[in-house]
Amino acid sequence: MMDDPNSSRPAKYISMFIMLIIALSVVNFIVGTEVTPRCAWVSLGSAPDEVAYECGESRLSDSGVSADVLHTLETVCIMVFTVEYVLRILTCTTAMPLGRFLLAPMNVIDSADTLGLGLGFRV
């Protein structure tokens, strides 16, 4: 059920949900690393007319509220990916032996990714 979206209606909904979470995770990553110019008037001295308009680069995730939202969203995505992977491991023996399942190329990538996300090795 977890590997074949066409096996049942719930499998299709689970697959659509996981795809939505993947898309959300990708957008979250892009927004968190997007560099935007931060522009502001900066005082150059004590006189009111001694100001300059300066722009510097910073990430959207460096701002207070959005950083918390992005971090929470990333945590939720990691939790969903981990639960989905564990459920696939628990139900894999109906389709193939556990060893063959774990050594399948896409599952090796999933396990490395899930382990990396859980331990904080994300690049």
# chains A, B, ... in the order shown; residues from 1 in each chain; ligands from 1
>>> select_by_dssp(residues="segment 16-111 of chain A", states="helix (DSSP H, G or I)", output="MDAnalysis selection string")
chainID A and resid 16:33 60:62 64:94 98:103 105:111
>>> closest_residue(among="A:Gly99, A:Pro48, A:Gly116, A:Pro105", to="Ile78 of chain A", atoms="only C-alpha atoms")
A:Gly116
>>> closest_residue(among="A:Gly45, A:Leu73, A:Ala95, A:Leu115", to="Ala23 of chain A", atoms="only C-alpha atoms")
A:Leu73
>>> residues_around(residues="Asn28 of chain A", least_positions_apart="4", cutoff="10 Å", atoms="only C-alpha atoms", output="VMD selection string")
chain A and resid 22 to 24 32 to 34 61 69 to 71 73 to 74 77
>>> write_last_selection(atoms="N, CA and C atoms", output="short mmCIF file (atom, residue, chain, number, x, y, z; two decimals), in the first residue's frame")
data_model
loop_
_atom_site.label_atom_id
_atom_site.label_comp_id
_atom_site.auth_asym_id
_atom_site.auth_seq_id
_atom_site.Cartn_x
_atom_site.Cartn_y
_atom_site.Cartn_z
N ILE A 22 6.75 16.72 0.24
CA ILE A 22 8.02 16.88 -0.48
C ILE A 22 8.08 18.26 -1.12
N ALA A 23 7.01 18.66 -1.79
CA ALA A 23 6.97 19.99 -2.43
C ALA A 23 7.11 21.09 -1.38
N LEU A 24 6.42 20.94 -0.26
CA LEU A 24 6.49 21.91 0.82
C LEU A 24 7.91 22.00 1.39
N GLY A 32 14.19 29.43 2.69
CA GLY A 32 15.15 29.57 3.79
C GLY A 32 16.54 29.97 3.35
N THR A 33 16.87 29.74 2.09
CA THR A 33 18.21 30.08 1.62
C THR A 33 18.20 31.22 0.61
N GLU A 34 17.04 31.73 0.27
CA GLU A 34 16.93 32.82 -0.70
C GLU A 34 17.59 34.08 -0.14
N SER A 61 15.40 33.61 6.05
CA SER A 61 15.29 32.86 7.29
C SER A 61 16.01 33.54 8.45
N VAL A 69 9.04 30.00 11.81
CA VAL A 69 8.07 29.31 10.97
C VAL A 69 8.78 28.31 10.05
N LEU A 70 9.87 28.74 9.44
CA LEU A 70 10.62 27.86 8.55
C LEU A 70 11.20 26.66 9.30
N HIS A 71 11.71 26.90 10.49
CA HIS A 71 12.27 25.81 11.29
C HIS A 71 11.19 24.82 11.71
N LEU A 73 8.33 24.28 10.17
CA LEU A 73 7.90 23.59 8.96
C LEU A 73 8.90 22.50 8.58
N GLU A 74 10.18 22.77 8.69
CA GLU A 74 11.20 21.77 8.39
C GLU A 74 11.10 20.59 9.37
N CYS A 77 8.12 18.43 8.41
CA CYS A 77 8.44 17.64 7.22
C CYS A 77 9.34 16.46 7.56
#
>>> select_by_dssp(residues="segment 3-107 of chain A", states="strand (DSSP E)", output="VMD selection string")
chain A and resid 35 to 43 51 to 59
>>> residues_around(residues="Ala40 of chain A", least_positions_apart="4", cutoff="10 Å", atoms="only C-alpha atoms", output="list of chain:residue names")
A:Val51, A:Ala52, A:Tyr53, A:Glu54, A:Cys55, A:Gly56
>>> closest_residue(among="A:Ser46, A:Thr114, A:Asn107, A:Asn6", to="Met79 of chain A", atoms="only C-alpha atoms")
A:Thr114
>>> atom_distance(atom1="atom CA of Phe81 of chain A", atom2="atom CA of Ile30 of chain A")
18.3 Å
>>> closest_residue(among="A:Met19, A:Ile89, A:Ser25, A:Val76", to="Leu103 of chain A", atoms="only C-alpha atoms")
A:Ile89
>>> atom_distance(atom1="atom CA of Val26 of chain A", atom2="atom CA of Val108 of chain A")
20.2 Å
>>> atom_distance(atom1="atom CA of Arg100 of chain A", atom2="atom CA of Ile18 of chain A")
23.1 Å
>>> closest_residue(among="A:Arg88, A:Ala104, A:Thr72, A:Cys39", to="Ala11 of chain A", atoms="only C-alpha atoms")
A:Arg88
